[in-house]
>>> print(open('query_24.cif').read())   # mmCIF, C-alpha atoms and all ligand atoms
data_start
loop_
_atom_site.label_atom_id
_atom_site.label_comp_id
_atom_site.auth_asym_id
_atom_site.auth_seq_id
_atom_site.Cartn_x
_atom_site.Cartn_y
_atom_site.Cartn_z
CA MET A 16 -9.06 4.81 -21.02
CA ASN A 17 -11.00 1.66 -20.12
CA ASN A 18 -9.85 -0.57 -23.03
CA THR A 19 -8.94 -3.21 -20.54
CA PRO A 20 -8.00 -6.67 -19.45
CA TRP A 21 -9.55 -5.57 -16.13
CA THR A 22 -12.66 -7.59 -15.20
CA ARG A 23 -12.71 -7.47 -11.39
CA LYS A 24 -15.27 -5.70 -9.23
CA ASP A 25 -12.88 -5.97 -6.24
CA LEU A 26 -9.25 -5.21 -5.51
CA LEU A 27 -8.20 -7.47 -2.65
CA SER A 28 -4.51 -8.33 -3.08
CA LEU A 29 -1.73 -8.10 -5.66
CA TYR A 30 -1.26 -11.85 -5.17
CA ASP A 31 -4.50 -12.30 -7.17
CA LEU A 32 -3.46 -10.13 -10.11
CA THR A 33 -1.57 -10.95 -13.29
CA LYS A 34 1.42 -8.92 -14.40
CA GLU A 35 -0.78 -7.49 -17.19
CA GLU A 36 -3.44 -6.35 -14.71
CA ILE A 37 -0.84 -4.63 -12.51
CA VAL A 38 0.73 -2.88 -15.51
CA PHE A 39 -2.74 -1.84 -16.67
CA ILE A 40 -3.50 -0.19 -13.32
CA LEU A 41 -0.14 1.62 -13.41
CA ASP A 42 -0.75 2.84 -16.97
CA THR A 43 -4.25 4.02 -16.02
CA ALA A 44 -2.80 5.80 -12.97
CA GLU A 45 -0.39 7.68 -15.24
CA GLU A 46 -3.40 9.15 -17.04
CA PHE A 47 -5.05 10.08 -13.76
CA LYS A 48 -1.85 11.74 -12.54
CA LYS A 49 -2.21 14.12 -15.49
CA VAL A 50 -5.74 14.96 -14.31
CA SER A 51 -4.32 16.06 -10.94
CA GLN A 52 -1.91 18.40 -12.71
CA ARG A 53 -4.70 20.24 -14.54
CA LYS A 54 -6.23 23.51 -13.40
CA ILE A 55 -9.57 21.72 -12.89
CA LYS A 56 -8.63 18.45 -11.19
CA LYS A 57 -11.97 16.74 -11.44
CA VAL A 58 -13.51 14.28 -13.93
CA PRO A 59 -17.05 12.85 -14.02
CA ALA A 60 -15.95 9.18 -14.18
CA LEU A 61 -17.82 8.10 -11.01
CA ARG A 62 -20.73 10.54 -11.22
CA GLY A 63 -23.83 8.83 -9.84
CA LYS A 64 -21.80 6.17 -7.99
CA THR A 65 -21.77 5.99 -4.20
CA VAL A 66 -18.55 5.04 -2.43
CA VAL A 67 -18.50 4.15 1.27
CA ASN A 68 -15.23 4.46 3.19
CA LEU A 69 -15.29 2.03 6.11
CA PHE A 70 -12.12 2.37 8.16
CA VAL A 71 -12.23 0.06 11.16
CA GLU A 72 -8.54 0.73 11.92
CA PRO A 73 -6.68 4.08 12.08
CA SER A 74 -5.38 5.65 8.89
CA THR A 75 -4.26 9.07 7.73
CA ARG A 76 -2.71 8.73 4.26
CA THR A 77 -4.87 5.96 2.83
CA ARG A 78 -8.19 7.32 4.09
CA ILE A 79 -7.57 10.88 2.92
CA SER A 80 -6.10 9.72 -0.37
CA PHE A 81 -9.12 7.51 -1.14
CA GLU A 82 -11.55 10.25 -0.18
CA LEU A 83 -9.79 12.79 -2.37
CA ALA A 84 -9.63 10.28 -5.24
CA GLU A 85 -13.40 9.74 -4.92
CA GLN A 86 -14.01 13.51 -4.93
CA ARG A 87 -11.79 13.96 -8.00
CA LEU A 88 -13.85 11.24 -9.75
CA SER A 89 -17.13 13.00 -8.77
CA ALA A 90 -18.48 10.11 -6.66
CA ASP A 91 -20.95 10.54 -3.81
CA ILE A 92 -19.10 9.68 -0.60
CA ILE A 93 -20.10 8.33 2.80
CA ASN A 94 -17.49 8.00 5.55
CA ILE A 95 -18.16 5.56 8.36
CA ALA A 96 -16.08 5.84 11.52
CA ALA A 97 -16.00 2.45 13.21
CA ASP A 98 -16.25 3.98 16.69
CA ALA A 99 -19.51 5.69 15.78
CA SER A 100 -21.01 2.70 13.94
CA SER A 101 -23.13 -0.23 15.11
CA LEU A 102 -20.03 -2.44 14.88
CA ARG A 103 -19.48 -1.12 18.41
CA LYS A 104 -22.85 -2.65 19.41
CA GLY A 105 -21.83 -6.08 18.21
CA GLU A 106 -23.25 -6.00 14.67
CA THR A 107 -21.29 -8.36 12.44
CA LEU A 108 -19.16 -6.89 9.67
CA LEU A 109 -21.22 -8.80 7.09
CA ASP A 110 -24.47 -7.33 8.46
CA THR A 111 -22.96 -3.84 8.40
CA ILE A 112 -21.88 -4.30 4.77
CA LYS A 113 -25.26 -5.81 3.75
CA ASN A 114 -26.99 -2.76 5.23
CA ILE A 115 -24.67 -0.41 3.35
CA GLU A 116 -25.42 -2.38 0.19
CA ALA A 117 -29.17 -2.12 0.83
CA LEU A 118 -28.73 1.65 0.48
CA GLN A 119 -27.48 1.03 -3.09
CA ALA A 120 -23.82 1.75 -2.38
CA ASP A 121 -21.62 0.81 -5.32
CA LEU A 122 -18.16 0.51 -3.79
CA ILE A 123 -16.84 -0.06 -0.28
CA VAL A 124 -13.27 0.95 0.53
CA MET A 125 -12.34 -0.92 3.64
CA ARG A 126 -9.55 -1.01 6.18
CA HIS A 127 -9.76 -3.69 8.84
CA SER A 128 -7.43 -5.17 11.43
CA ALA A 129 -8.52 -8.74 10.57
CA ALA A 130 -6.48 -10.31 7.79
CA GLY A 131 -8.83 -11.65 5.12
CA ALA A 132 -11.87 -9.52 6.06
CA PRO A 133 -12.22 -8.05 2.52
CA ASN A 134 -11.74 -11.50 0.94
CA PHE A 135 -14.55 -12.84 3.13
CA LEU A 136 -16.93 -10.05 2.13
CA ALA A 137 -16.21 -9.67 -1.59
CA PRO A 138 -18.00 -12.83 -2.83
CA ARG A 139 -20.96 -12.19 -0.50
CA VAL A 140 -21.94 -8.74 -1.79
CA ARG A 141 -22.89 -7.14 -5.09
CA CYS A 142 -20.92 -3.97 -4.51
CA GLY A 143 -17.20 -3.74 -5.18
CA ILE A 144 -14.73 -4.09 -2.32
CA VAL A 145 -11.42 -2.24 -2.38
CA ASN A 146 -8.96 -3.34 0.27
CA ALA A 147 -7.34 -0.37 2.02
CA GLY A 148 -5.28 -2.66 4.29
CA ASP A 149 -6.27 -5.80 6.20
CA GLY A 150 -4.21 -6.87 9.19
CA ALA A 151 -0.77 -8.16 8.21
CA HIS A 152 -2.18 -9.56 4.96
CA SER A 153 -2.44 -7.06 2.15
CA HIS A 154 -2.34 -3.35 1.25
CA PRO A 155 -2.63 -3.44 -2.52
CA THR A 156 -2.94 0.29 -3.23
CA GLN A 157 0.15 1.01 -1.11
CA ALA A 158 2.15 -1.51 -3.15
CA LEU A 159 0.77 -0.09 -6.40
CA LEU A 160 1.80 3.44 -5.43
CA ASP A 161 5.23 2.19 -4.36
CA ILE A 162 5.70 0.40 -7.67
CA PHE A 163 4.29 3.36 -9.61
CA THR A 164 6.88 5.63 -7.93
CA MET A 165 9.74 3.23 -8.73
CA ARG A 166 8.60 2.88 -12.35
CA GLU A 167 8.28 6.65 -12.71
CA LYS A 168 11.84 7.17 -11.45
CA PHE A 169 13.61 4.29 -13.24
CA GLY A 170 11.34 3.74 -16.25
CA ARG A 171 11.12 0.02 -15.46
CA ILE A 172 10.62 -2.48 -12.65
CA GLU A 173 12.24 -5.53 -14.25
CA GLY A 174 15.74 -6.08 -12.85
CA LEU A 175 15.49 -3.44 -10.10
CA ASN A 176 16.96 -4.42 -6.73
CA VAL A 177 14.45 -3.49 -4.05
CA SER A 178 15.33 -3.92 -0.38
CA ILE A 179 12.54 -3.78 2.19
CA ILE A 180 13.82 -3.38 5.73
CA GLY A 181 12.10 -3.73 9.07
CA ASP A 182 9.22 -5.63 10.59
CA ILE A 183 8.43 -7.92 7.66
CA LEU A 184 6.55 -10.38 9.87
CA HIS A 185 3.71 -7.95 10.66
CA SER A 186 3.81 -5.94 7.43
CA ARG A 187 1.04 -6.02 4.83
CA VAL A 188 3.10 -3.51 2.83
CA ALA A 189 6.07 -5.88 2.59
CA ARG A 190 3.84 -8.74 1.44
CA SER A 191 2.02 -6.61 -1.13
CA ASP A 192 5.20 -5.01 -2.47
CA MET A 193 6.73 -8.47 -2.71
CA TRP A 194 3.94 -9.96 -4.83
CA GLY A 195 3.74 -6.96 -7.14
CA LEU A 196 7.50 -6.57 -7.58
CA LEU A 197 8.16 -10.26 -8.15
CA LYS A 198 5.41 -10.43 -10.78
CA LEU A 199 7.00 -7.48 -12.59
CA GLY A 200 10.51 -9.02 -12.49
CA ALA A 201 12.24 -7.08 -9.68
CA ASN A 202 14.72 -8.65 -7.26
CA VAL A 203 13.33 -8.36 -3.73
CA THR A 204 15.37 -8.49 -0.52
CA PHE A 205 13.90 -8.52 2.99
CA ALA A 206 16.10 -7.51 5.93
CA GLY A 207 15.60 -6.97 9.64
CA PRO A 208 16.02 -8.73 12.97
CA SER A 209 15.69 -12.48 12.35
CA THR A 210 12.65 -12.55 14.69
CA LEU A 211 10.85 -10.22 12.27
CA VAL A 212 11.92 -11.68 8.91
CA PRO A 213 10.34 -15.10 8.34
CA ARG A 214 12.53 -17.41 6.25
CA GLU A 215 9.44 -18.79 4.45
CA PHE A 216 9.61 -15.83 2.07
CA ILE A 217 12.69 -17.41 0.46
CA LYS A 218 10.29 -19.95 -1.10
CA ALA A 219 8.46 -17.09 -2.85
CA GLY A 220 11.74 -15.94 -4.44
CA VAL A 221 12.86 -13.29 -1.93
CA ARG A 222 16.44 -12.90 -0.70
CA VAL A 223 16.50 -12.69 3.10
CA CYS A 224 19.30 -10.88 5.00
CA ASP A 225 19.81 -10.36 8.68
CA ASN A 226 22.31 -7.57 8.33
CA LEU A 227 21.68 -4.13 6.94
CA LYS A 228 24.84 -3.73 4.86
CA ASP A 229 24.03 -6.74 2.64
CA ALA A 230 20.56 -5.34 1.99
CA LEU A 231 21.84 -1.85 1.14
CA VAL A 232 24.76 -2.63 -1.17
CA GLY A 233 23.50 -2.70 -4.77
CA ALA A 234 19.94 -1.67 -3.90
CA ASP A 235 18.12 0.64 -6.33
CA VAL A 236 15.32 1.16 -3.83
CA VAL A 237 15.44 1.03 -0.03
CA ASN A 238 11.98 0.84 1.50
CA LEU A 239 11.97 1.27 5.27
CA LEU A 240 9.05 -0.05 7.29
CA ARG A 241 7.64 1.47 10.44
CA ILE A 242 8.84 -0.20 13.60
CA GLN A 243 5.77 -0.72 15.72
CA HIS A 244 6.57 0.05 19.37
CA GLU A 245 4.28 -2.71 20.59
CA ARG A 246 6.61 -5.22 18.87
CA GLN A 247 9.48 -4.15 21.07
CA ARG A 248 7.30 -4.71 24.12
CA SER A 249 6.60 -8.21 22.79
CA GLY A 250 10.34 -8.95 22.76
CA PHE A 251 10.99 -9.18 19.03
CA PHE A 252 14.07 -6.95 19.52
CA PRO A 253 15.76 -5.52 22.61
CA SER A 254 15.01 -1.79 22.26
CA THR A 255 14.13 0.80 19.63
CA GLY A 256 17.53 2.42 20.29
CA GLU A 257 19.31 -0.80 19.39
CA TYR A 258 17.03 -1.32 16.36
CA ALA A 259 17.95 2.19 15.13
CA LYS A 260 21.65 1.43 15.55
CA VAL A 261 21.59 -1.96 13.80
CA PHE A 262 18.83 -1.60 11.17
CA GLY A 263 18.13 2.14 10.92
CA LEU A 264 19.08 4.03 7.76
CA ASN A 265 21.22 6.95 8.95
CA SER A 266 24.35 8.86 7.96
CA ASP A 267 26.52 5.83 8.92
CA SER A 268 24.61 3.18 6.96
CA MET A 269 23.88 5.59 4.08
CA LYS A 270 27.45 5.06 2.80
CA TYR A 271 26.42 1.61 1.53
CA ILE A 272 23.65 2.77 -0.79
CA LYS A 273 24.05 3.90 -4.38
CA PRO A 274 23.95 7.69 -4.94
CA ASP A 275 20.85 7.32 -7.14
CA ALA A 276 19.01 4.83 -4.92
CA LEU A 277 15.54 5.86 -3.80
CA ILE A 278 14.61 6.03 -0.13
CA MET A 279 10.98 5.08 0.42
CA HIS A 280 8.68 4.67 3.41
CA PRO A 281 4.93 3.94 3.43
CA GLY A 282 4.40 6.18 6.48
CA PRO A 283 3.81 6.95 9.23
CA ILE A 284 7.56 7.37 9.94
CA ASN A 285 9.21 6.90 13.31
CA ARG A 286 11.85 9.53 12.76
CA ASP A 287 15.29 8.48 14.05
CA VAL A 288 14.21 4.86 14.50
CA GLU A 289 13.97 3.11 11.09
CA LEU A 290 15.07 6.26 9.25
CA SER A 291 17.02 9.29 10.45
CA SER A 292 15.09 12.51 10.33
CA ALA A 293 17.68 14.10 8.00
CA LEU A 294 17.42 11.25 5.48
CA ALA A 295 13.62 11.27 5.56
CA ASP A 296 13.82 14.75 4.03
CA CYS A 297 16.95 14.33 1.86
CA PRO A 298 16.92 14.60 -1.97
CA GLN A 299 16.96 10.78 -2.40
CA SER A 300 13.78 10.46 -0.34
CA VAL A 301 10.60 10.11 -2.42
CA ILE A 302 8.29 9.64 0.55
CA LEU A 303 6.02 12.57 -0.27
CA GLU A 304 6.03 11.67 -3.99
CA GLN A 305 4.68 8.28 -2.90
CA VAL A 306 1.78 10.08 -1.24
CA THR A 307 1.15 12.18 -4.37
CA ASN A 308 1.22 9.08 -6.56
CA GLY A 309 -1.16 7.30 -4.19
CA LEU A 310 -3.92 9.65 -5.30
CA ALA A 311 -3.46 8.76 -8.99
CA VAL A 312 -3.25 5.05 -8.21
CA ARG A 313 -6.44 5.14 -6.14
CA MET A 314 -8.29 7.09 -8.81
CA ALA A 315 -7.26 4.39 -11.30
CA VAL A 316 -8.34 1.53 -9.02
CA LEU A 317 -11.73 3.07 -8.24
CA PHE A 318 -12.32 3.83 -11.91
CA LEU A 319 -11.45 0.29 -13.00
CA VAL A 320 -13.43 -1.60 -10.38
CA ALA A 321 -16.44 0.69 -10.84
CA GLY A 322 -16.38 -0.20 -14.53
CA CYS A 323 -16.92 -3.88 -13.64
CA LEU A 324 -19.99 -3.52 -11.39
CA LYS A 325 -23.10 -5.38 -12.50
N1 LIG A 401 0.76 3.95 4.49
C1 LIG A 401 -0.43 3.88 5.14
O1 LIG A 401 -1.21 2.95 4.95
O2 LIG A 401 -0.64 4.93 5.99
P1 LIG A 401 -1.98 5.12 6.85
O3 LIG A 401 -2.00 4.02 7.87
O4 LIG A 401 -1.85 6.49 7.47
O5 LIG A 401 -3.14 5.03 5.92
#
>>> encode(input="query_24.cif", output="structure tokens")
Amino acid sequence: MNNTPWTRKDLLSLYDLTKEEIVFILDTAEEFKKVSQRKIKKVPALRGKTVVNLFVEPSTRTRISFELAEQRLSADIINIAADASSLRKGETLLDTIKNIEALQADLIVMRHSAAGAPNFLAPRVRCGIVNAGDGAHSHPTQALLDIFTMREKFGRIEGLNVSIIGDILHSRVARSDMWGLLKLGANVTFAGPSTLVPREFIKAGVRVCDNLKDALVGADVVNLLRIQHERQRSGFFPSTGEYAKVFGLNSDSMKYIKPDALIMHPGPINRDVELSSALADCPQSVILEQVTNGLAVRMAVLFLVAGCLK
């Protein structure tokens, strides 16, 4: 399985990767998805390796998915809760990571609220760093699982019209999806209140809309982002009720999307804000398939980066 163009000990951002590297991860994840469909869902690929999960910001899906992926690969696992760690006593992140490394850890899976934290650490440590989301910067495994799900459904990414709707400004998912999808030849549209959709993305090759209908018509994939309530308090839009009316996907706006378009959401969902509760659970929704595919993608990523450790 590891006959590879992959040479990186870290996964930090899809911006860094070539098209070939992204496709290689997706192909590897397809193999790992088959492992999860077997009666015995475990392989010895990471036996003898120690993986530390350091989540300095809340997470449900990503943390559990990584931990299960590590178990399925037979790794030894240590979970560090930030609240119970010496980070609370003022220890620097680099010192924390150096101490973890001194215990012969091989890989660190890290979520952090500071954009760029994994990029800062990766060249300073021997162990591999896998970014599980850093601030508004990057969430590479989320984008990989999104793209995996699209490819599984349509058999291709090239030429797909993918509309990402919501708080683009603060979204690491939007940025990561954008880099991955553009590299693989998709057409990417961002839509949302103009305060939350920076026009600079046009330079990267994204179409930017400030009305929902234009983003929905012709879309093969509609990916809704979580509206963070604190943004409303900061005045980016008048109220969540108004956001739901103007940018929410619901039975009214649904008439604009193709009957075979996929509805996606990275989670956690604000039901009846960015997405109506009925549509979150409708046949076009692949939200839970995204979660299932996340396990295969994370197994592939851990397997590949572990293969490049010195
Ligand atoms: N999609 C995602 O990153 O969810 P969590 O914050 O629950 O990990």
>>> residues_near_ligand(input="query_24.cif", ligand="ligand LIG 401 (chain A)", cutoff="9 Å", atoms="only C-alpha atoms and all ligand atoms", output="list in words")
Glu72, Pro73, Ser74, Thr75, Arg76, Thr77, Arg78, Ile79, Ser80, Arg126, Ala147, Gly148, His154, Thr156, Gln157, Val188, His280, Pro281, Gly282, Pro283 and Val306 of chain A
>>> residues_around(input="query_24.cif", residues="range 39-56 of chain A", least_positions_apart="2", cutoff="10 Å", atoms="all atoms listed in the file", output="mmCIF file with C-alpha atoms, keeping the file's coordinate frame")
data_model
loop_
_atom_site.group_PDB
_atom_site.id
_atom_site.type_symbol
_atom_site.label_atom_id
_atom_site.label_comp_id
_atom_site.auth_asym_id
_atom_site.auth_seq_id
_atom_site.Cartn_x
_atom_site.Cartn_y
_atom_site.Cartn_z
ATOM 1 C CA MET A 16 -9.060 4.810 -21.020
ATOM 2 C CA ASN A 17 -11.000 1.660 -20.120
ATOM 3 C CA ASN A 18 -9.850 -0.570 -23.030
ATOM 4 C CA THR A 19 -8.940 -3.210 -20.540
ATOM 5 C CA PRO A 20 -8.000 -6.670 -19.450
ATOM 6 C CA TRP A 21 -9.550 -5.570 -16.130
ATOM 7 C CA THR A 33 -1.570 -10.950 -13.290
ATOM 8 C CA LYS A 34 1.420 -8.920 -14.400
ATOM 9 C CA GLU A 35 -0.780 -7.490 -17.190
ATOM 10 C CA GLU A 36 -3.440 -6.350 -14.710
ATOM 11 C CA ILE A 37 -0.840 -4.630 -12.510
ATOM 12 C CA VAL A 58 -13.510 14.280 -13.930
ATOM 13 C CA ALA A 84 -9.630 10.280 -5.240
ATOM 14 C CA GLN A 86 -14.010 13.510 -4.930
ATOM 15 C CA ARG A 87 -11.790 13.960 -8.000
ATOM 16 C CA LEU A 88 -13.850 11.240 -9.750
ATOM 17 C CA LEU A 159 0.770 -0.090 -6.400
ATOM 18 C CA LEU A 160 1.800 3.440 -5.430
ATOM 19 C CA ILE A 162 5.700 0.400 -7.670
ATOM 20 C CA PHE A 163 4.290 3.360 -9.610
ATOM 21 C CA THR A 164 6.880 5.630 -7.930
ATOM 22 C CA ARG A 166 8.600 2.880 -12.350
ATOM 23 C CA GLU A 167 8.280 6.650 -12.710
ATOM 24 C CA THR A 307 1.150 12.180 -4.370
ATOM 25 C CA ASN A 308 1.220 9.080 -6.560
ATOM 26 C CA GLY A 309 -1.160 7.300 -4.190
ATOM 27 C CA LEU A 310 -3.920 9.650 -5.300
ATOM 28 C CA ALA A 311 -3.460 8.760 -8.990
ATOM 29 C CA VAL A 312 -3.250 5.050 -8.210
ATOM 30 C CA ARG A 313 -6.440 5.140 -6.140
ATOM 31 C CA MET A 314 -8.290 7.090 -8.810
ATOM 32 C CA ALA A 315 -7.260 4.390 -11.300
ATOM 33 C CA VAL A 316 -8.340 1.530 -9.020
ATOM 34 C CA PHE A 318 -12.320 3.830 -11.910
ATOM 35 C CA LEU A 319 -11.450 0.290 -13.000
#
>>> residues_around(input="query_24.cif", residues="Ala132 in chain A", least_positions_apart="4", cutoff="9 Å", atoms="only C-alpha atoms", output="number ranges by chain")
A: 108, 125-128, 136-137, 146, 149-150
>>> residues_around(input="query_24.cif", residues="Cys224 in chain A", least_positions_apart="5", cutoff="9 Å", atoms="only C-alpha atoms", output="PyMOL selection string")
chain A and resi 204-209+212+229-230
>>> residues_around(input="query_24.cif", residues="Lys260 in chain A", least_positions_apart="6", cutoff="10 Å", atoms="only C-alpha atoms", output="tab-separated table (two decimals) with C-alpha atoms, in the coordinates of the input")
chain	number	residue	atom	x	y	z
A	254	SER	CA	15.01	-1.79	22.26
A	267	ASP	CA	26.52	5.83	8.92
A	268	SER	CA	24.61	3.18	6.96
A	287	ASP	CA	15.29	8.48	14.05
A	288	VAL	CA	14.21	4.86	14.50
A	289	GLU	CA	13.97	3.11	11.09
>>> residues_around(input="query_24.cif", residues="range 241-246 of chain A", least_positions_apart="3", cutoff="6 Å", atoms="all atoms listed in the file", output="MDAnalysis selection string")
chainID A and resid 249 251 284
>>> residues_near_point(input="query_24.cif", point="(-6.1, -14.1, 0.9)", cutoff="10 Å", atoms="all atoms listed in the file", output="list of chain:residue names")
A:Leu27, A:Ser28, A:Leu29, A:Tyr30, A:Asp31, A:Ala130, A:Gly131, A:Ala132, A:Pro133, A:Asn134, A:Phe135, A:Asp149, A:His152, A:Ser153
>>> atom_distance(input="query_24.cif", atom1="CA of Leu26 in chain A", atom2="CA of Ala234 in chain A")
29.4 Å
>>> closest_residue(input="query_24.cif", among="A:Phe262, A:Pro274, A:Asp98, A:Leu184", to="Ser291 in chain A", atoms="all atoms listed in the file")
A:Phe262
>>> atom_distance(input="query_24.cif", atom1="CA of Glu106 in chain A", atom2="CA of Val145 in chain A")
21.1 Å
>>> atom_distance(input="query_24.cif", atom1="CA of Arg214 in chain A", atom2="CA of Lys228 in chain A")
18.5 Å
>>> build_atoms(input="query_24.cif", residues="range 226-237 of chain A", atoms="N, CA and C atoms", output="PDB file, keeping the file's coordinate frame")
ATOM      1  N   ASN A 226      21.523  -8.769   8.011  1.00  0.00           N
ATOM      2  CA  ASN A 226      22.310  -7.570   8.330  1.00  0.00           C
ATOM      3  C   ASN A 226      22.042  -6.490   7.273  1.00  0.00           C
ATOM      4  N   LEU A 227      22.120  -5.270   7.751  1.00  0.00           N
ATOM      5  CA  LEU A 227      21.680  -4.130   6.940  1.00  0.00           C
ATOM      6  C   LEU A 227      22.579  -3.907   5.731  1.00  0.00           C
ATOM      7  N   LYS A 228      23.896  -4.052   5.934  1.00  0.00           N
ATOM      8  CA  LYS A 228      24.840  -3.730   4.860  1.00  0.00           C
ATOM      9  C   LYS A 228      24.535  -4.567   3.607  1.00  0.00           C
ATOM     10  N   ASP A 229      24.304  -5.869   3.794  1.00  0.00           N
ATOM     11  CA  ASP A 229      24.030  -6.740   2.640  1.00  0.00           C
ATOM     12  C   ASP A 229      22.774  -6.306   1.886  1.00  0.00           C
ATOM     13  N   ALA A 230      21.802  -5.781   2.632  1.00  0.00           N
ATOM     14  CA  ALA A 230      20.560  -5.340   1.990  1.00  0.00           C
ATOM     15  C   ALA A 230      20.739  -4.011   1.259  1.00  0.00           C
ATOM     16  N   LEU A 231      21.681  -3.194   1.721  1.00  0.00           N
ATOM     17  CA  LEU A 231      21.840  -1.850   1.140  1.00  0.00           C
ATOM     18  C   LEU A 231      22.747  -1.835  -0.090  1.00  0.00           C
ATOM     19  N   VAL A 232      23.796  -2.653  -0.062  1.00  0.00           N
ATOM     20  CA  VAL A 232      24.760  -2.630  -1.170  1.00  0.00           C
ATOM     21  C   VAL A 232      24.060  -3.111  -2.445  1.00  0.00           C
ATOM     22  N   GLY A 233      24.090  -2.305  -3.476  1.00  0.00           N
ATOM     23  CA  GLY A 233      23.500  -2.700  -4.770  1.00  0.00           C
ATOM     24  C   GLY A 233      22.014  -2.420  -4.892  1.00  0.00           C
ATOM     25  N   ALA A 234      21.397  -1.918  -3.824  1.00  0.00           N
ATOM     26  CA  ALA A 234      19.940  -1.670  -3.900  1.00  0.00           C
ATOM     27  C   ALA A 234      19.652  -0.425  -4.752  1.00  0.00           C
ATOM     28  N   ASP A 235      18.634  -0.533  -5.600  1.00  0.00           N
ATOM     29  CA  ASP A 235      18.120   0.640  -6.330  1.00  0.00           C
ATOM     30  C   ASP A 235      17.077   1.367  -5.501  1.00  0.00           C
ATOM     31  N   VAL A 236      16.383   0.603  -4.684  1.00  0.00           N
ATOM     32  CA  VAL A 236      15.320   1.160  -3.830  1.00  0.00           C
ATOM     33  C   VAL A 236      15.491   0.586  -2.434  1.00  0.00           C
ATOM     34  N   VAL A 237      15.426   1.472  -1.435  1.00  0.00           N
ATOM     35  CA  VAL A 237      15.440   1.030  -0.030  1.00  0.00           C
ATOM     36  C   VAL A 237      14.125   1.483   0.582  1.00  0.00           C
TER      37      VAL A 237
END
